[in-house]
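final-v4.cif (mmCIF, C-alpha atoms) appears below.
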```
data_query
#
loop_
_atom_site.group_PDB
_atom_site.id
_atom_site.type_symbol
_atom_site.label_atom_id
_atom_site.label_comp_id
_atom_site.auth_asym_id
_atom_site.auth_seq_id
_atom_site.Cartn_x
_atom_site.Cartn_y
_atom_site.Cartn_z
ATOM 1 C CA MET A 1446 -19.459 -4.907 29.472
ATOM 2 C CA GLU A 1447 -15.728 -4.561 30.016
ATOM 3 C CA ALA A 1448 -15.141 -7.897 28.312
ATOM 4 C CA PHE A 1449 -17.195 -6.755 25.329
ATOM 5 C CA LEU A 1450 -15.255 -3.477 25.029
ATOM 6 C CA ALA A 1451 -11.969 -5.390 25.263
ATOM 7 C CA THR A 1452 -13.113 -7.688 22.458
ATOM 8 C CA VAL A 1453 -14.089 -4.734 20.278
ATOM 9 C CA ALA A 1454 -10.722 -3.062 20.949
ATOM 10 C CA THR A 1455 -8.859 -6.247 20.002
ATOM 11 C CA PHE A 1456 -10.968 -6.609 16.875
ATOM 12 C CA LEU A 1457 -10.326 -2.989 15.834
ATOM 13 C CA ALA A 1458 -6.596 -3.282 16.571
ATOM 14 C CA ALA A 1459 -6.405 -6.284 14.238
ATOM 15 C CA ALA A 1460 -8.219 -4.282 11.544
ATOM 16 C CA VAL A 1461 -5.713 -1.421 11.901
ATOM 17 C CA ARG A 1462 -2.803 -3.839 11.489
ATOM 18 C CA VAL A 1463 -4.347 -5.274 8.327
ATOM 19 C CA ALA A 1464 -5.161 -1.796 6.988
ATOM 20 C CA THR A 1465 -1.683 -0.335 7.580
ATOM 21 C CA PRO A 1466 0.202 -1.811 4.581
ATOM 22 C CA LEU A 1467 -2.838 -1.306 2.347
ATOM 23 C CA THR A 1468 -3.018 2.377 3.272
ATOM 24 C CA PHE A 1469 0.709 2.988 2.817
ATOM 25 C CA ALA A 1470 0.602 1.463 -0.658
ATOM 26 C CA GLY A 1471 -2.763 3.050 -1.474
ATOM 27 C CA ILE A 1472 -1.663 6.597 -0.657
ATOM 28 C CA GLY A 1473 1.526 6.052 -2.666
ATOM 29 C CA GLU A 1474 -0.580 4.956 -5.623
ATOM 30 C CA ALA A 1475 -2.835 7.998 -5.114
ATOM 31 C CA TYR A 1476 0.193 10.277 -5.608
ATOM 32 C CA SER A 1477 1.040 8.430 -8.813
ATOM 33 C CA GLU A 1478 -2.487 8.428 -10.205
ATOM 34 C CA ARG A 1479 -3.034 12.095 -9.440
ATOM 35 C CA ALA A 1480 -0.032 12.767 -11.668
ATOM 36 C CA GLY A 1481 -1.501 10.606 -14.435
ATOM 37 C CA ILE A 1482 0.506 7.400 -13.896
ATOM 38 C CA ILE A 1483 -1.528 4.313 -13.065
ATOM 39 C CA ASN A 1484 0.678 1.607 -11.607
ATOM 40 C CA ILE A 1485 -1.032 -1.724 -11.055
ATOM 41 C CA GLY A 1486 2.411 -3.029 -10.159
ATOM 42 C CA VAL A 1487 1.727 -2.066 -6.525
ATOM 43 C CA GLU A 1488 1.959 -5.769 -5.735
ATOM 44 C CA ALA A 1489 5.522 -5.790 -7.107
ATOM 45 C CA ILE A 1490 6.453 -2.649 -5.151
ATOM 46 C CA MET A 1491 5.190 -4.123 -1.888
ATOM 47 C CA LEU A 1492 6.744 -7.540 -2.518
ATOM 48 C CA SER A 1493 10.109 -5.995 -3.310
ATOM 49 C CA GLY A 1494 9.899 -3.890 -0.156
ATOM 50 C CA ALA A 1495 8.899 -6.907 1.936
ATOM 51 C CA PHE A 1496 11.803 -8.990 0.603
ATOM 52 C CA ALA A 1497 14.446 -6.265 0.944
ATOM 53 C CA ALA A 1498 13.288 -5.359 4.458
ATOM 54 C CA PHE A 1499 13.376 -8.987 5.577
ATOM 55 C CA MET A 1500 16.824 -9.637 4.122
ATOM 56 C CA ALA A 1501 18.325 -6.501 5.677
ATOM 57 C CA THR A 1502 16.726 -7.064 9.082
ATOM 58 C CA SER A 1503 17.658 -10.746 9.083
ATOM 59 C CA ALA A 1504 21.276 -9.941 8.235
ATOM 60 C CA THR A 1505 21.793 -6.959 10.552
ATOM 61 C CA GLY A 1506 19.137 -7.255 13.246
ATOM 62 C CA SER A 1507 18.319 -3.572 12.713
ATOM 63 C CA ILE A 1508 14.716 -2.534 12.155
ATOM 64 C CA LEU A 1509 15.791 0.882 10.823
ATOM 65 C CA LEU A 1510 18.064 -0.680 8.209
ATOM 66 C CA GLY A 1511 15.231 -3.049 7.319
ATOM 67 C CA VAL A 1512 12.876 -0.109 6.784
ATOM 68 C CA ALA A 1513 15.474 1.696 4.669
ATOM 69 C CA ALA A 1514 16.037 -1.427 2.565
ATOM 70 C CA GLY A 1515 12.282 -1.892 2.135
ATOM 71 C CA ILE A 1516 11.902 1.685 0.913
ATOM 72 C CA LEU A 1517 14.830 1.222 -1.492
ATOM 73 C CA GLY A 1518 13.314 -1.984 -2.851
ATOM 74 C CA GLY A 1519 9.975 -0.308 -3.453
ATOM 75 C CA VAL A 1520 11.598 2.725 -5.082
ATOM 76 C CA CYS A 1521 13.599 0.564 -7.513
ATOM 77 C CA VAL A 1522 10.469 -1.148 -8.816
ATOM 78 C CA SER A 1523 8.373 2.027 -8.899
ATOM 79 C CA MET A 1524 11.025 4.025 -10.747
ATOM 80 C CA LEU A 1525 11.458 1.192 -13.250
ATOM 81 C CA HIS A 1526 7.743 1.446 -13.938
ATOM 82 C CA GLY A 1527 8.165 5.212 -14.179
ATOM 83 C CA VAL A 1528 10.882 4.897 -16.815
ATOM 84 C CA LEU A 1529 8.796 2.443 -18.827
ATOM 85 C CA SER A 1530 5.702 4.657 -18.590
ATOM 86 C CA ILE A 1531 7.198 8.144 -18.928
ATOM 87 C CA ARG A 1532 10.354 7.766 -20.998
ATOM 88 C CA CYS A 1533 9.488 4.668 -23.046
ATOM 89 C CA ARG A 1534 5.763 5.510 -23.185
ATOM 90 C CA ALA A 1535 4.860 1.852 -22.643
ATOM 91 C CA ASN A 1536 1.333 0.753 -21.817
ATOM 92 C CA GLN A 1537 1.187 1.431 -18.088
ATOM 93 C CA ASN A 1538 -1.127 -1.450 -17.221
ATOM 94 C CA ILE A 1539 0.949 -4.016 -19.097
ATOM 95 C CA ALA A 1540 4.152 -2.662 -17.548
ATOM 96 C CA GLY A 1541 2.644 -3.001 -14.073
ATOM 97 C CA LEU A 1542 1.495 -6.573 -14.683
ATOM 98 C CA ALA A 1543 4.892 -7.508 -16.099
ATOM 99 C CA LEU A 1544 6.610 -6.128 -12.998
ATOM 100 C CA ASN A 1545 4.277 -8.115 -10.740
ATOM 101 C CA ILE A 1546 5.289 -11.333 -12.478
ATOM 102 C CA LEU A 1547 8.979 -10.383 -12.629
ATOM 103 C CA VAL A 1548 9.297 -9.455 -8.957
ATOM 104 C CA LEU A 1549 7.351 -12.514 -7.799
ATOM 105 C CA GLY A 1550 9.770 -14.792 -9.622
ATOM 106 C CA LEU A 1551 12.863 -12.767 -8.733
ATOM 107 C CA THR A 1552 12.187 -12.594 -4.979
ATOM 108 C CA SER A 1553 11.345 -16.304 -4.851
ATOM 109 C CA PHE A 1554 14.596 -17.136 -6.683
ATOM 110 C CA LEU A 1555 16.759 -14.881 -4.509
ATOM 111 C CA PHE A 1556 15.143 -16.169 -1.314
ATOM 112 C CA MET A 1557 15.831 -19.774 -2.342
ATOM 113 C CA LYS A 1558 19.424 -18.914 -3.258
ATOM 114 C CA ALA A 1559 19.949 -17.280 0.130
ATOM 115 C CA PHE A 1560 18.300 -19.900 2.353
ATOM 116 C CA GLY A 1561 17.834 -22.972 0.170
ATOM 117 C CA GLN A 1562 14.859 -25.315 0.359
ATOM 118 C CA THR A 1563 13.833 -25.688 3.974
ATOM 119 C CA THR A 1564 10.736 -26.707 5.896
ATOM 120 C CA VAL A 1565 11.469 -24.112 8.590
ATOM 121 C CA LEU A 1566 11.077 -20.514 7.476
ATOM 122 C CA PRO A 1567 13.899 -18.174 8.558
ATOM 123 C CA THR A 1568 12.713 -15.396 10.806
ATOM 124 C CA CYS A 1569 13.750 -11.831 11.548
ATOM 125 C CA LYS A 1570 13.370 -9.341 14.358
ATOM 126 C CA LEU A 1571 9.939 -7.723 14.692
ATOM 127 C CA ALA A 1572 9.340 -4.010 15.157
ATOM 128 C CA PRO A 1573 8.422 -3.381 18.816
ATOM 129 C CA GLN A 1574 5.032 -2.072 19.839
ATOM 130 C CA PHE A 1575 4.674 0.725 22.342
ATOM 131 C CA ALA A 1576 1.771 2.658 23.805
ATOM 132 C CA ILE A 1577 1.437 6.439 23.651
ATOM 133 C CA PRO A 1578 0.753 7.790 27.166
ATOM 134 C CA LEU A 1579 -2.772 9.119 27.779
ATOM 135 C CA LEU A 1580 -3.976 8.421 24.227
ATOM 136 C CA SER A 1581 -3.642 4.673 24.737
ATOM 137 C CA GLN A 1582 -5.955 4.958 27.769
ATOM 138 C CA ILE A 1583 -8.933 6.084 25.672
ATOM 139 C CA PRO A 1584 -11.594 3.348 25.880
ATOM 140 C CA VAL A 1585 -11.691 1.030 22.843
ATOM 141 C CA LEU A 1586 -9.912 3.425 20.438
ATOM 142 C CA GLY A 1587 -6.843 3.858 22.650
ATOM 143 C CA PRO A 1588 -5.623 0.237 22.613
ATOM 144 C CA ALA A 1589 -6.566 -0.116 18.930
ATOM 145 C CA LEU A 1590 -4.932 3.041 17.567
ATOM 146 C CA PHE A 1591 -2.270 4.041 20.076
ATOM 147 C CA SER A 1592 -0.758 0.750 21.263
ATOM 148 C CA GLN A 1593 0.917 -0.154 17.989
ATOM 149 C CA SER A 1594 4.355 -0.132 16.363
ATOM 150 C CA GLY A 1595 6.085 2.885 14.861
ATOM 151 C CA PHE A 1596 4.688 1.942 11.450
ATOM 152 C CA GLU A 1597 1.119 2.710 12.499
ATOM 153 C CA TYR A 1598 2.082 6.060 14.017
ATOM 154 C CA THR A 1599 3.989 6.908 10.849
ATOM 155 C CA LEU A 1600 0.887 5.985 8.869
ATOM 156 C CA TYR A 1601 -1.252 8.509 10.754
ATOM 157 C CA LEU A 1602 1.277 11.220 9.878
ATOM 158 C CA VAL A 1603 1.365 10.088 6.237
ATOM 159 C CA VAL A 1604 -2.446 10.294 5.972
ATOM 160 C CA MET A 1605 -2.498 13.813 7.446
ATOM 161 C CA ALA A 1606 0.478 14.994 5.380
ATOM 162 C CA ALA A 1607 -0.969 13.637 2.124
ATOM 163 C CA THR A 1608 -4.300 15.333 2.859
ATOM 164 C CA VAL A 1609 -2.547 18.670 3.352
ATOM 165 C CA VAL A 1610 -0.398 18.188 0.239
ATOM 166 C CA PHE A 1611 -3.326 17.237 -2.007
ATOM 167 C CA TYR A 1612 -5.778 19.909 -0.895
ATOM 168 C CA ARG A 1613 -3.830 22.727 0.740
ATOM 169 C CA THR A 1614 -0.570 23.161 -1.169
ATOM 170 C CA GLU A 1615 0.532 24.527 -4.520
ATOM 171 C CA TRP A 1616 2.349 21.283 -5.291
ATOM 172 C CA GLY A 1617 -0.869 19.337 -4.775
ATOM 173 C CA THR A 1618 -2.575 21.589 -7.315
ATOM 174 C CA THR A 1619 0.380 21.090 -9.661
ATOM 175 C CA LEU A 1620 0.112 17.324 -9.273
ATOM 176 C CA THR A 1621 -3.586 17.439 -10.151
ATOM 177 C CA ALA A 1622 -2.951 19.708 -13.144
ATOM 178 C CA VAL A 1623 -0.367 17.299 -14.549
ATOM 179 C CA GLY A 1624 -2.799 14.403 -14.188
ATOM 180 C CA GLU A 1625 -5.730 16.276 -15.688
ATOM 181 C CA HIS A 1626 -4.207 18.363 -18.485
ATOM 182 C CA PRO A 1627 -0.461 17.716 -18.922
ATOM 183 C CA ARG A 1628 -0.194 19.829 -22.064
ATOM 184 C CA ALA A 1629 -1.777 22.835 -20.380
ATOM 185 C CA ALA A 1630 0.517 22.285 -17.389
ATOM 186 C CA ASP A 1631 3.519 22.139 -19.730
ATOM 187 C CA THR A 1632 2.410 25.339 -21.441
ATOM 188 C CA ALA A 1633 2.211 26.987 -18.029
ATOM 189 C CA GLY A 1634 5.873 26.163 -17.459
ATOM 190 C CA LEU A 1635 5.557 22.995 -15.371
ATOM 191 C CA ASN A 1636 7.960 20.116 -15.974
ATOM 192 C CA VAL A 1637 5.464 17.307 -16.521
ATOM 193 C CA GLN A 1638 7.999 14.483 -16.653
ATOM 194 C CA LYS A 1639 9.848 15.634 -13.544
ATOM 195 C CA ILE A 1640 6.605 15.872 -11.561
ATOM 196 C CA ARG A 1641 5.510 12.424 -12.723
ATOM 197 C CA TYR A 1642 8.869 10.913 -11.793
ATOM 198 C CA LEU A 1643 8.602 12.490 -8.339
ATOM 199 C CA ALA A 1644 5.117 11.017 -7.930
ATOM 200 C CA CYS A 1645 6.528 7.600 -8.885
ATOM 201 C CA LEU A 1646 9.280 8.068 -6.296
ATOM 202 C CA ILE A 1647 6.742 8.765 -3.543
ATOM 203 C CA ASN A 1648 4.731 5.755 -4.690
ATOM 204 C CA GLY A 1649 7.836 3.589 -4.305
ATOM 205 C CA ILE A 1650 8.674 4.982 -0.861
ATOM 206 C CA LEU A 1651 5.208 4.399 0.577
ATOM 207 C CA GLY A 1652 4.670 1.083 -1.219
ATOM 208 C CA GLY A 1653 8.054 -0.124 0.039
ATOM 209 C CA LEU A 1654 7.050 0.907 3.573
ATOM 210 C CA GLY A 1655 3.856 -1.116 3.208
ATOM 211 C CA GLY A 1656 5.834 -4.145 2.094
ATOM 212 C CA ALA A 1657 8.372 -3.726 4.896
ATOM 213 C CA TYR A 1658 5.534 -3.651 7.414
ATOM 214 C CA ILE A 1659 4.346 -7.089 6.294
ATOM 215 C CA THR A 1660 7.636 -8.851 7.031
ATOM 216 C CA ILE A 1661 9.218 -6.880 9.895
ATOM 217 C CA ALA A 1662 6.154 -5.703 11.809
ATOM 218 C CA GLN A 1663 3.397 -8.214 11.063
ATOM 219 C CA LEU A 1664 4.844 -11.641 10.218
ATOM 220 C CA GLY A 1665 8.524 -11.778 11.097
ATOM 221 C CA PHE A 1666 9.345 -13.988 8.133
ATOM 222 C CA PHE A 1667 9.369 -14.051 4.320
ATOM 223 C CA MET A 1668 8.044 -16.668 1.939
ATOM 224 C CA GLU A 1669 7.067 -16.867 -1.696
ATOM 225 C CA ASP A 1670 4.237 -14.440 -2.532
ATOM 226 C CA VAL A 1671 4.121 -13.201 1.055
ATOM 227 C CA ASN A 1672 1.905 -10.315 -0.109
ATOM 228 C CA ALA A 1673 -0.963 -12.690 -0.920
ATOM 229 C CA GLY A 1674 -2.568 -10.095 -3.203
ATOM 230 C CA ARG A 1675 -2.350 -7.133 -0.828
ATOM 231 C CA GLY A 1676 -1.109 -4.921 -3.660
ATOM 232 C CA TYR A 1677 -4.284 -5.538 -5.638
ATOM 233 C CA ILE A 1678 -6.398 -4.913 -2.539
ATOM 234 C CA ALA A 1679 -4.534 -1.613 -2.071
ATOM 235 C CA LEU A 1680 -5.626 -0.647 -5.588
ATOM 236 C CA VAL A 1681 -9.211 -1.380 -4.564
ATOM 237 C CA ALA A 1682 -8.772 0.896 -1.532
ATOM 238 C CA VAL A 1683 -7.559 3.677 -3.846
ATOM 239 C CA ILE A 1684 -10.666 3.323 -6.008
ATOM 240 C CA LEU A 1685 -13.020 3.155 -3.022
ATOM 241 C CA GLY A 1686 -11.287 6.093 -1.333
ATOM 242 C CA ARG A 1687 -11.335 8.121 -4.591
ATOM 243 C CA ARG A 1688 -7.639 8.957 -4.133
ATOM 244 C CA ASN A 1689 -8.430 10.791 -0.901
ATOM 245 C CA PRO A 1690 -5.961 9.784 1.866
ATOM 246 C CA ALA A 1691 -8.630 9.615 4.583
ATOM 247 C CA GLY A 1692 -10.939 7.738 2.223
ATOM 248 C CA ILE A 1693 -8.192 5.237 1.397
ATOM 249 C CA PHE A 1694 -7.549 4.657 5.101
ATOM 250 C CA ALA A 1695 -11.272 4.194 5.771
ATOM 251 C CA SER A 1696 -11.579 1.759 2.851
ATOM 252 C CA ALA A 1697 -8.560 -0.194 4.073
ATOM 253 C CA LEU A 1698 -10.117 -0.349 7.554
ATOM 254 C CA VAL A 1699 -13.309 -1.851 6.110
ATOM 255 C CA ILE A 1700 -11.232 -4.525 4.395
ATOM 256 C CA GLY A 1701 -9.229 -4.953 7.614
ATOM 257 C CA LEU A 1702 -12.431 -5.478 9.598
ATOM 258 C CA ALA A 1703 -13.471 -8.185 7.135
ATOM 259 C CA GLN A 1704 -10.063 -9.826 7.548
ATOM 260 C CA ALA A 1705 -10.306 -9.678 11.338
ATOM 261 C CA LEU A 1706 -13.828 -11.108 11.168
ATOM 262 C CA GLN A 1707 -12.775 -14.071 9.038
ATOM 263 C CA LEU A 1708 -9.973 -14.881 11.480
ATOM 264 C CA GLN A 1709 -12.451 -14.750 14.353
ATOM 265 C CA LEU A 1710 -14.930 -16.975 12.514
ATOM 266 C CA GLN A 1711 -12.241 -19.580 11.860
ATOM 267 C CA THR A 1712 -11.666 -19.939 15.611
ATOM 268 C CA LEU A 1713 -15.357 -20.724 16.208
ATOM 269 C CA ARG A 1714 -15.055 -24.075 14.398
ATOM 270 C CA ILE A 1715 -18.169 -23.562 12.317
ATOM 271 C CA GLY A 1716 -18.782 -26.433 9.895
ATOM 272 C CA ILE A 1717 -17.646 -24.393 6.888
ATOM 273 C CA PRO A 1718 -14.312 -24.884 5.072
ATOM 274 C CA SER A 1719 -11.676 -22.363 6.162
ATOM 275 C CA GLN A 1720 -11.162 -21.358 2.517
ATOM 276 C CA ALA A 1721 -14.650 -19.824 2.536
ATOM 277 C CA PHE A 1722 -13.655 -17.567 5.432
ATOM 278 C CA SER A 1723 -10.382 -16.639 3.720
ATOM 279 C CA MET A 1724 -12.436 -15.284 0.812
ATOM 280 C CA LEU A 1725 -14.330 -12.856 3.062
ATOM 281 C CA PRO A 1726 -11.978 -9.815 2.800
ATOM 282 C CA TYR A 1727 -11.865 -10.117 -0.993
ATOM 283 C CA VAL A 1728 -15.618 -10.596 -1.257
ATOM 284 C CA ALA A 1729 -16.130 -7.505 0.922
ATOM 285 C CA ALA A 1730 -13.777 -5.512 -1.317
ATOM 286 C CA VAL A 1731 -15.620 -6.586 -4.481
ATOM 287 C CA VAL A 1732 -19.072 -5.868 -3.009
ATOM 288 C CA VAL A 1733 -18.105 -2.389 -1.824
ATOM 289 C CA LEU A 1734 -16.402 -1.763 -5.167
ATOM 290 C CA LEU A 1735 -19.614 -2.609 -7.006
ATOM 291 C CA PHE A 1736 -21.512 -0.012 -4.995
ATOM 292 C CA SER A 1737 -18.894 2.627 -5.855
ATOM 293 C CA ILE A 1738 -19.226 2.237 -9.632
ATOM 294 C CA GLY A 1739 -19.984 5.568 -11.294
ATOM 295 C CA LYS A 1740 -19.419 7.605 -8.133
ATOM 296 C CA GLY A 1741 -15.847 8.652 -8.818
ATOM 297 C CA ARG A 1742 -13.935 10.264 -11.657
ATOM 298 C CA ASP A 1743 -10.463 9.402 -12.879
ATOM 299 C CA PRO A 1744 -7.954 12.084 -13.865
ATOM 300 C CA VAL A 1745 -8.429 12.844 -17.558
ATOM 301 C CA ALA A 1746 -4.857 11.918 -18.518
ATOM 302 C CA LEU A 1747 -4.618 8.845 -16.255
ATOM 303 C CA GLY A 1748 -2.679 6.138 -18.058
ATOM 304 C CA VAL A 1749 -2.028 8.327 -21.120
ATOM 305 C CA PRO A 1750 1.666 8.877 -21.987
ATOM 306 C CA TYR A 1751 2.547 12.538 -22.499
ATOM 307 C CA GLU A 1752 4.379 13.300 -25.724
ATOM 308 C CA ARG A 1753 5.520 16.908 -25.665
ATOM 309 C CA ASP A 1754 6.267 17.130 -29.387
ATOM 310 C CA LYS A 1755 3.011 15.538 -30.464
ATOM 311 C CA ARG A 1756 0.117 17.852 -31.333
#
```

Mind converting the file's structure to structure tokens?
Amino acid sequence: MEAFLATVATFLAAAVRVATPLTFAGIGEAYSERAGIINIGVEAIMLSGAFAAFMATSATGSILLGVAAGILGGVCVSMLHGVLSIRCRANQNIAGLALNILVLGLTSFLFMKAFGQTTVLPTCKLAPQFAIPLLSQIPVLGPALFSQSGFEYTLYLVVMAATVVFYRTEWGTTLTAVGEHPRAADTAGLNVQKIRYLACLINGILGGLGGAYITIAQLGFFMEDVNAGRGYIALVAVILGRRNPAGIFASALVIGLAQALQLQLQTLRIGIPSQAFSMLPYVAAVVVLLFSIGKGRDPVALGVPYERDKR
């Protein structure tokens, strides 16, 4: 029995580690979408954060500077999308896709310029893990939730804070009003553009954190397309979670469980190509997404540029 519980705890801990960057990025995107800005460039935000965090940590050996650099990288990409969407009134989906392609090429180029072509990937310091006294002793859940790095503990605070902001604060109501009826919000005296820019800023901060987690807490190295589509999976978590922070975390955990399962199945040496197991998290995301069709509602003004002078 003890061996079984230990296996379950290990399995759940792996799911939490997979879910962490998805939830960071997903909650950031929820802020943006609630304000009416859909940014499918989450992949670019996370990749920029992952690259900047790795470069800073590799150069300085400081995890804190790596985190700060990751946040800055994510903010730069997110605010660029914000300028294109809010000021230039560009198509938000096309702008996001363009940023995904741009950042993928740019980070690959800069990484090659910094380290050259090598068969041995450069590494960086990893964020340490530490257990929270008493809480980490809870059977099964303790080792999974409370024996992690500072990123996971920060994530729990982010989920709780976002829930309070969305549903218990005036600013959360303001954010929703801007995403639902920007003209009515403007008439009521709210600065629609300022609020949308702030939502983009938060999206960049959290998306950059998610990217930083991948390189300085999970892998310890950077390579081309290190995200491997995590930004798109984070968008799926936002849809499944209906822009609710707890729902996004739960959706990311489901995807994380599928990821942990496929890793476990690969170790069993079943006569099935490993590529089939690698598809499992994405298949799980698509299947759950199919069952969620028609059960949620997007903000009315989502993806629609606001033109104050247009009637």

Among listed residues A:Leu1571, A:Val1603, A:Leu1547, A:Ile1539, nearest Thr1502 of chain A (using only C-alpha atoms):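 Of all the options, A:Leu1571 lies closest to Thr1502 of chain A.
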
Residue members of the PyMOL selection byres ((chain A and resi 1509) around 12) in the file shown, as a PyMOL selection string: chain A and resi 1498-1499+1501-1503+1505-1508+1510-1516+1570-1573+1595-1596+1654+1657-1658+1661-1662

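Once the PyMOL selection byres ((chain A and resi 1611) around 10) is applied to this file, the selection holds A:Ala1475, A:Tyr1476, A:Arg1479, A:Ala1606, A:Ala1607, A:Thr1608, A:Val1609, A:Val1610, A:Tyr1612, A:Arg1613, A:Thr1614, A:Glu1615, A:Trp1616, A:Gly1617, A:Thr1618, A:Thr1619, A:Leu1620, A:Thr1621, A:Arg1688, A:Asn1689, A:Pro1690.
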
Target residues per the PyMOL selection byres ((chain A and resi 1523) around 10), formatted as a ChimeraX atom specification: /A:1474,1477,1484,1486-1487,1489-1491,1493,1517-1522,1524-1529,1541,1544,1642,1644-1650,1652-1653

Which residue of A:Val1637, A:Ser1696, A:Pro1584, A:Ala1679 approaches Val1453 of chain A most closely, using only C-alpha atoms: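 Counting only C-alpha atoms, the residue closest to Val1453 of chain A is A:Pro1584.
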
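For the choices A:Ile1483, A:Val1623, A:Ile1700, A:Val1548, the atom-to-atom distance to Asn1536 of chain A is smallest for A:Ile1483 when using only C-alpha atoms.
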